[in-house]
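**Q** Structure supplied as protein-v1.txt; contents: compact mmCIF, C-alpha atoms.
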```
# COMPACT_ATOMS: atom_id res chain seq x y z
CA MET F 1 -179.96 -88.06 17.98
CA THR F 2 -178.16 -85.34 19.83
CA ILE F 3 -176.55 -86.33 23.07
CA ALA F 4 -176.77 -84.12 26.13
CA VAL F 5 -179.46 -81.86 24.79
CA SER F 6 -181.78 -80.96 27.63
CA GLY F 7 -185.54 -81.49 27.51
CA ALA F 8 -186.21 -77.79 27.09
CA GLU F 9 -183.81 -77.69 24.16
CA GLN F 10 -185.55 -80.65 22.53
CA VAL F 11 -188.87 -78.82 22.75
CA ARG F 12 -187.30 -75.74 21.20
CA GLN F 13 -185.79 -77.87 18.42
CA GLN F 14 -189.24 -79.23 17.60
CA THR F 15 -190.64 -75.71 17.63
CA ALA F 16 -187.94 -74.53 15.25
CA ARG F 17 -188.66 -77.45 12.90
CA SER F 18 -192.41 -77.11 12.99
CA ALA F 19 -192.21 -73.41 12.22
CA GLY F 20 -191.22 -74.31 8.65
CA GLY F 21 -190.32 -71.85 5.94
CA ARG F 22 -187.67 -69.31 6.74
CA ILE F 23 -184.98 -70.21 9.26
CA ASP F 24 -185.39 -68.53 12.61
CA ILE F 25 -181.78 -67.67 13.45
CA PRO F 26 -182.39 -66.48 17.05
CA GLU F 27 -184.34 -69.68 17.71
CA LEU F 28 -181.58 -71.82 16.22
CA TYR F 29 -179.02 -69.88 18.21
CA ALA F 30 -180.91 -70.44 21.46
CA THR F 31 -181.28 -74.12 20.68
CA TRP F 32 -177.94 -75.00 19.17
CA TRP F 33 -175.47 -72.64 20.82
CA ARG F 34 -174.68 -75.02 23.67
CA PRO F 35 -174.39 -78.25 21.61
CA MET F 36 -172.21 -76.44 19.06
CA ILE F 37 -170.00 -74.91 21.76
CA ARG F 38 -169.53 -78.35 23.26
CA LEU F 39 -168.67 -79.81 19.87
CA ALA F 40 -166.18 -77.00 19.29
CA VAL F 41 -164.67 -77.49 22.74
CA LEU F 42 -164.03 -81.14 21.96
CA LEU F 43 -162.42 -80.15 18.68
CA VAL F 44 -160.27 -77.19 19.78
CA ASP F 45 -159.72 -77.97 23.48
CA ASP F 46 -160.34 -74.38 24.54
CA VAL F 47 -163.59 -72.73 25.63
CA GLN F 48 -162.70 -69.23 24.43
CA SER F 49 -161.72 -70.44 20.97
CA ALA F 50 -164.84 -72.60 20.89
CA GLU F 51 -167.05 -69.59 21.61
CA ASP F 52 -165.37 -67.62 18.83
CA VAL F 53 -165.79 -70.54 16.45
CA VAL F 54 -169.49 -70.88 17.20
CA GLN F 55 -170.09 -67.14 16.96
CA ASP F 56 -168.42 -67.08 13.54
CA ALA F 57 -170.44 -70.13 12.48
CA PHE F 58 -173.71 -68.39 13.36
CA VAL F 59 -172.60 -65.26 11.54
CA ALA F 60 -171.90 -67.41 8.48
CA LEU F 61 -175.33 -69.00 8.84
CA HIS F 62 -176.93 -65.57 9.13
CA ARG F 63 -175.30 -64.56 5.84
CA ARG F 64 -176.60 -67.70 4.12
CA GLN F 65 -180.03 -67.89 5.69
CA ASP F 66 -181.80 -67.13 2.43
CA ALA F 67 -180.12 -70.08 0.73
CA LEU F 68 -181.01 -72.53 3.51
CA LYS F 69 -184.74 -73.13 3.81
CA ASN F 70 -184.70 -76.21 6.01
CA PRO F 71 -183.73 -75.96 9.71
CA ASP F 72 -182.11 -79.40 9.51
CA ALA F 73 -179.95 -78.21 6.64
CA ALA F 74 -179.10 -75.14 8.70
CA VAL F 75 -177.92 -77.32 11.58
CA GLY F 76 -175.83 -79.37 9.18
CA TYR F 77 -174.37 -76.18 7.76
CA LEU F 78 -173.60 -74.94 11.27
CA ARG F 79 -171.86 -78.21 12.09
CA VAL F 80 -169.71 -78.00 8.96
CA CYS F 81 -168.84 -74.39 9.79
CA VAL F 82 -167.84 -75.35 13.32
CA LEU F 83 -165.63 -78.13 11.99
CA ASN F 84 -163.95 -75.96 9.39
CA LEU F 85 -163.44 -73.04 11.77
CA SER F 86 -162.07 -75.40 14.41
CA ARG F 87 -159.55 -76.71 11.89
CA THR F 88 -158.53 -73.13 11.20
CA VAL F 89 -158.06 -72.50 14.93
CA LEU F 90 -155.95 -75.63 15.30
CA ARG F 91 -153.87 -74.72 12.25
CA ARG F 92 -153.21 -71.21 13.59
CA ARG F 93 -152.36 -72.64 16.98
CA GLN F 94 -149.85 -75.03 15.44
CA VAL F 95 -148.24 -72.20 13.50
CA SER F 96 -148.03 -69.99 16.56
CA ARG F 97 -146.56 -72.81 18.61
CA ARG F 98 -144.02 -73.55 15.92
CA HIS F 99 -142.87 -69.98 15.35
CA LEU F 100 -143.66 -67.98 18.44
CA LYS F 101 -143.32 -70.66 21.11
CA VAL F 102 -146.54 -69.39 22.66
CA ALA F 103 -147.99 -71.59 25.35
CA GLU F 104 -151.55 -72.57 24.47
CA PRO F 105 -154.04 -73.95 26.96
CA GLU F 106 -154.12 -77.71 26.94
CA GLN F 107 -157.26 -78.07 28.96
CA THR F 108 -160.64 -76.71 28.04
CA ALA F 109 -161.98 -75.55 31.35
CA GLY F 110 -160.69 -74.03 34.53
CA ALA F 111 -158.22 -75.35 37.02
CA ASP F 112 -160.82 -77.58 38.63
CA ALA F 113 -161.61 -79.40 35.39
CA PRO F 114 -159.09 -82.22 35.91
CA LEU F 115 -160.63 -82.80 39.32
CA LEU F 116 -164.07 -83.14 37.78
CA LEU F 117 -162.95 -85.75 35.25
CA SER F 118 -162.11 -89.24 36.33
CA GLU F 119 -158.63 -90.60 35.69
CA GLU F 120 -160.03 -93.09 33.21
CA HIS F 121 -161.78 -90.37 31.25
CA ARG F 122 -158.71 -88.15 31.27
CA GLN F 123 -156.63 -90.95 29.81
CA ALA F 124 -159.27 -91.60 27.17
CA LEU F 125 -159.42 -87.91 26.24
CA ALA F 126 -155.65 -87.70 26.04
CA ALA F 127 -155.66 -90.69 23.73
CA VAL F 128 -158.36 -89.08 21.57
CA ARG F 129 -156.27 -85.89 21.37
CA ARG F 130 -153.31 -87.87 20.06
CA LEU F 131 -155.31 -89.32 17.16
CA PRO F 132 -154.92 -87.91 13.65
CA ARG F 133 -157.31 -85.05 12.96
CA ARG F 134 -159.70 -86.94 10.72
CA GLN F 135 -159.99 -89.90 13.08
CA ARG F 136 -160.56 -87.57 16.01
CA GLU F 137 -163.31 -85.72 14.12
CA VAL F 138 -165.04 -88.97 13.19
CA LEU F 139 -164.97 -90.17 16.80
CA ILE F 140 -166.31 -86.89 18.15
CA LEU F 141 -169.11 -86.69 15.60
CA ARG F 142 -170.00 -90.32 16.22
CA TYR F 143 -169.81 -90.55 19.99
CA TRP F 144 -170.55 -86.98 21.02
CA SER F 145 -172.85 -85.62 18.32
CA GLY F 146 -174.41 -89.05 17.79
CA LEU F 147 -174.40 -88.75 14.01
CA SER F 148 -174.88 -91.70 11.68
CA GLU F 149 -172.11 -92.73 9.30
CA GLN F 150 -173.94 -91.06 6.44
CA GLU F 151 -174.31 -87.81 8.40
CA ILE F 152 -170.65 -87.89 9.37
CA ALA F 153 -169.72 -88.48 5.74
CA ASN F 154 -171.85 -85.52 4.67
CA THR F 155 -170.40 -83.29 7.38
CA LEU F 156 -166.79 -84.15 6.64
CA GLY F 157 -167.25 -84.37 2.89
CA ILE F 158 -165.93 -87.94 2.70
CA SER F 159 -167.41 -91.31 1.78
CA THR F 160 -169.13 -93.59 4.29
CA GLY F 161 -166.40 -96.13 3.64
CA SER F 162 -163.83 -93.60 4.71
CA VAL F 163 -165.87 -92.86 7.83
CA LYS F 164 -165.89 -96.55 8.70
CA SER F 165 -162.18 -97.00 8.10
CA ASN F 166 -161.31 -93.87 10.08
CA ALA F 167 -163.53 -94.95 12.96
CA SER F 168 -162.02 -98.41 12.92
CA ARG F 169 -158.46 -97.07 12.91
CA ALA F 170 -159.32 -94.60 15.64
CA MET F 171 -160.71 -97.30 17.88
CA ALA F 172 -157.68 -99.48 17.19
CA GLY F 173 -155.41 -96.57 18.09
CA LEU F 174 -157.32 -95.88 21.27
CA ARG F 175 -157.27 -99.54 22.21
CA SER F 176 -153.54 -99.64 21.69
CA THR F 177 -152.86 -96.44 23.62
CA LEU F 178 -155.18 -97.23 26.50
CA GLY F 179 -153.92 -100.82 26.58
CA GLU F 180 -150.39 -99.56 27.04
CA LEU F 181 -151.51 -97.32 29.88
CA ALA F 182 -153.47 -100.08 31.61
CA MET C 183 -164.26 -105.09 24.82
CA ASN C 184 -165.16 -102.91 21.85
CA ASN C 185 -168.42 -101.87 23.49
CA ASP C 186 -166.53 -101.02 26.65
CA LEU C 187 -164.17 -98.80 24.72
CA GLU C 188 -167.03 -97.10 22.87
CA THR C 189 -168.80 -96.48 26.16
CA LEU C 190 -165.61 -95.12 27.68
CA VAL C 191 -165.04 -92.74 24.76
CA ARG C 192 -168.67 -91.62 24.75
CA ASP C 193 -168.69 -90.98 28.50
CA ALA C 194 -165.32 -89.22 28.43
CA LEU C 195 -166.39 -86.89 25.63
CA ARG C 196 -169.68 -86.14 27.36
CA ASP C 197 -167.94 -85.45 30.67
CA LYS C 198 -165.48 -83.12 29.07
CA ALA C 199 -168.10 -81.23 27.07
CA ILE C 200 -170.46 -80.80 30.00
CA THR C 201 -167.64 -79.84 32.35
CA ALA C 202 -166.53 -77.14 29.91
CA ILE C 203 -170.02 -75.75 29.26
CA SER C 204 -172.56 -76.51 31.95
CA ASP C 205 -176.28 -76.83 31.31
CA HIS C 206 -176.90 -73.66 33.30
CA ARG C 207 -174.79 -71.48 31.09
CA GLU C 208 -176.92 -69.28 28.90
CA PRO C 209 -175.74 -68.22 25.47
CA PRO C 210 -174.68 -64.61 25.07
CA PRO C 211 -177.09 -62.50 23.00
CA PHE C 212 -176.66 -63.09 19.31
CA ARG C 213 -175.78 -59.94 17.46
CA ALA C 214 -176.59 -60.37 13.83
CA PRO C 215 -174.07 -58.69 11.57
CA GLN C 216 -175.38 -55.50 10.02
CA PRO C 217 -175.82 -55.71 6.27
CA ALA C 218 -173.36 -53.71 4.23
CA VAL C 219 -174.59 -50.21 3.42
CA ILE C 220 -175.66 -50.08 -0.20
CA ARG C 221 -174.70 -46.81 -1.83
CA ARG C 222 -177.62 -45.66 -3.89
CA GLY C 223 -176.00 -42.41 -5.06
CA TRP C 224 -174.37 -44.12 -8.00
CA LEU C 225 -175.84 -41.80 -10.65
CA GLY C 226 -173.71 -38.78 -9.73
CA PRO C 227 -170.33 -40.49 -10.17
CA LEU C 228 -171.58 -42.11 -13.38
CA VAL C 229 -172.59 -38.75 -14.85
CA ALA C 230 -169.29 -37.20 -13.78
CA ALA C 231 -167.33 -40.02 -15.41
CA ALA C 232 -169.40 -39.70 -18.60
CA ALA C 233 -168.79 -35.94 -18.66
CA VAL C 234 -165.04 -36.43 -18.29
CA LEU C 235 -165.07 -39.02 -21.07
CA ALA C 236 -167.02 -36.65 -23.34
CA VAL C 237 -164.58 -33.79 -22.75
CA VAL C 238 -161.61 -36.06 -23.40
CA ALA C 239 -163.24 -37.39 -26.58
CA VAL C 240 -164.00 -33.93 -27.91
CA ALA C 241 -160.54 -32.65 -27.08
CA GLY C 242 -158.92 -35.72 -28.64
CA THR C 243 -160.96 -35.45 -31.81
CA PHE C 244 -160.15 -31.80 -32.10
CA THR C 245 -156.45 -32.47 -31.64
CA VAL C 246 -156.47 -35.17 -34.31
CA LEU C 247 -158.32 -32.94 -36.72
CA ASN C 248 -155.83 -30.15 -36.12
CA ARG C 249 -152.93 -32.51 -36.71
CA ASN C 250 -154.42 -33.75 -39.96
CA ALA C 251 -155.19 -30.29 -41.29
CA GLY C 252 -153.94 -29.94 -44.83
CA VAL C 253 -153.51 -33.67 -45.40
CA PRO C 254 -154.61 -34.81 -48.88
CA ALA C 255 -158.20 -36.06 -48.81
CA ALA C 256 -157.35 -39.12 -50.82
CA ALA C 257 -154.09 -40.51 -52.02
CA GLY C 258 -153.42 -39.48 -55.56
CA SER C 259 -156.41 -37.16 -55.85
CA GLY C 260 -154.30 -34.07 -55.52
CA VAL C 261 -157.10 -32.30 -53.68
CA ARG C 262 -156.10 -30.83 -50.33
CA VAL C 263 -158.82 -30.31 -47.81
CA ASN C 264 -158.48 -28.04 -44.84
CA VAL C 265 -160.21 -30.08 -42.14
CA LEU C 266 -160.72 -26.99 -40.01
CA ASP C 267 -163.16 -25.77 -42.61
CA THR C 268 -165.45 -28.77 -42.21
CA PRO C 269 -168.78 -28.25 -40.40
CA LEU C 270 -167.79 -30.64 -37.60
CA ALA C 271 -164.60 -28.74 -36.85
CA GLY C 272 -166.51 -25.48 -36.89
CA LEU C 273 -168.99 -26.86 -34.42
CA MET C 274 -166.22 -28.07 -32.13
CA ALA C 275 -164.42 -24.78 -32.36
CA SER C 276 -167.56 -22.94 -31.35
CA VAL C 277 -168.15 -25.32 -28.44
CA CYS C 278 -164.58 -25.14 -27.21
CA HIS C 279 -164.16 -21.43 -27.98
CA CYS C 280 -160.80 -22.03 -29.61
```
Could you write out this structure as structure tokens?
**A**
Amino acid sequence: MTIAVSGAEQVRQQTARSAGGRIDIPELYATWWRPMIRLAVLLVDDVQSAEDVVQDAFVALHRRQDALKNPDAAVGYLRVCVLNLSRTVLRRRQVSRRHLKVAEPEQTAGADAPLLLSEEHRQALAAVRRLPRRQREVLILRYWSGLSEQEIANTLGISTGSVKSNASRAMAGLRSTLGELA
Amino acid sequence: MNNDLETLVRDALRDKAITAISDHREPPPFRAPQPAVIRRGWLGPLVAAAAVLAVVAVAGTFTVLNRNAGVPAAAGSGVRVNVLDTPLAGLMASVCHC
């Protein structure tokens, strides 16, 4: 299940799957650009970086399209690319903050974004941002992308047991942080 | 309690994602990377390299033969052979005009 995919996108997903055979990259791009951008935004906290990440992910998919015959496998590959490239962005950002003292955007959208999010949601998002990277990724893949534990494990390259323990620790951390704020 | 927290996290993530990228935003056109240009003119450089190697080999052989001119053909035989008189050296000399 993919959350927040519009009806038109669902139809296009089915079309891409029923086409079979070779992966139709433009079709996948039209279908999955927005969900992947949103996933990247949640991971990197910055729309511009998220767009770069997704563009690079589709370029990587284009290079490997002959090796991936199944559209579902292509989507999984895209998701892994987005995760890995997002990690790279975060790593570079940390280095630049440490050495250059460059101010990076903390919020993803424009100045009106905080006004569009409720206080409760802002606190929850801030708590998610404070989680360790792996726990944050598990939460985002679970509650935003709607992946199963097995799919999360495949995407992150870890065991399902590790997914469960990370999710459990993440929820405990969130409960603790949000409990303190309440 | 746990369900409430899960719902809160799910809703917060969805709000943030949709606020950042609205449903009306269309993706920019995808520009597929151009494949690397494959150079098919590989035969010319290969022939040139082979020609250089051949010239070096001939020159080297000729130099070695010149250096060994007058060396006894076999230890203890007492027979001295002028290598420049051999057919191979004659052929090389005619090719190299030296």
**Q** With 6 Å as the limit and counting all atoms listed in the file, what residues in chain C lie close to chain F? Please list them as a PDB file with C-alpha atoms, in the coordinates of the input.
**A**
```pdb
ATOM      1  CA  ARG C 192    -168.670 -91.620  24.750  1.00  0.00           C
ATOM      2  CA  ALA C 194    -165.320 -89.220  28.430  1.00  0.00           C
ATOM      3  CA  ALA C 199    -168.100 -81.230  27.070  1.00  0.00           C
ATOM      4  CA  ALA C 202    -166.530 -77.140  29.910  1.00  0.00           C
TER       5      ALA C 202
END
```
**Q** Quick one: of F:Arg98, F:Arg79, F:Arg133, F:Lys164, who's nearest to Ser148 (chain F), counting all atoms listed in the file?
**A**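 When distances to Ser148 (chain F) are compared using all atoms listed in the file, the smallest one comes from F:Lys164.
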**Q** I'd like the interatomic distance between CA of Thr245 (chain C) and CA of Gly226 (chain C), to a tenth of an Å.
**A** 28.6 Å
**Q** Mind giving me the straight-line distance from CA of Ala126 (chain F) to CA of Tyr77 (chain F) in Å, one decimal?
**A**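 Between CA of Ala126 (chain F) and CA of Tyr77 (chain F) the gap works out to 28.6 Å.
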**Q** Could you tell me how far CA of Gln135 (chain F) sits from CA of Leu187 (chain C), in Å to one decimal place?
**A**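 We find that CA of Leu187 (chain C) and CA of Gln135 (chain F) lie 15.2 Å from each other.
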**Q** Can you tell me, as a list in words, what residues are no more than 8 Å from Ile23 (chain F) when counting only C-alpha atoms, ignoring any on the same chain fewer than 4 positions away?
**A** Ala16, Leu28, Gln65, Leu68, Lys69, Asn70, Pro71 and Ala74 of chain F
**Q** Those residues you just picked out, can you put them in a file as a JSON list (two decimals), in the coordinates of the input with C-alpha atoms?
**A**
```
[["chain", "number", "residue", "atom", "x", "y", "z"],
["F", 16, "ALA", "CA", -187.94, -74.53, 15.25],
["F", 28, "LEU", "CA", -181.58, -71.82, 16.22],
["F", 65, "GLN", "CA", -180.03, -67.89, 5.69],
["F", 68, "LEU", "CA", -181.01, -72.53, 3.51],
["F", 69, "LYS", "CA", -184.74, -73.13, 3.81],
["F", 70, "ASN", "CA", -184.70, -76.21, 6.01],
["F", 71, "PRO", "CA", -183.73, -75.96, 9.71],
["F", 74, "ALA", "CA", -179.10, -75.14, 8.70]]
```
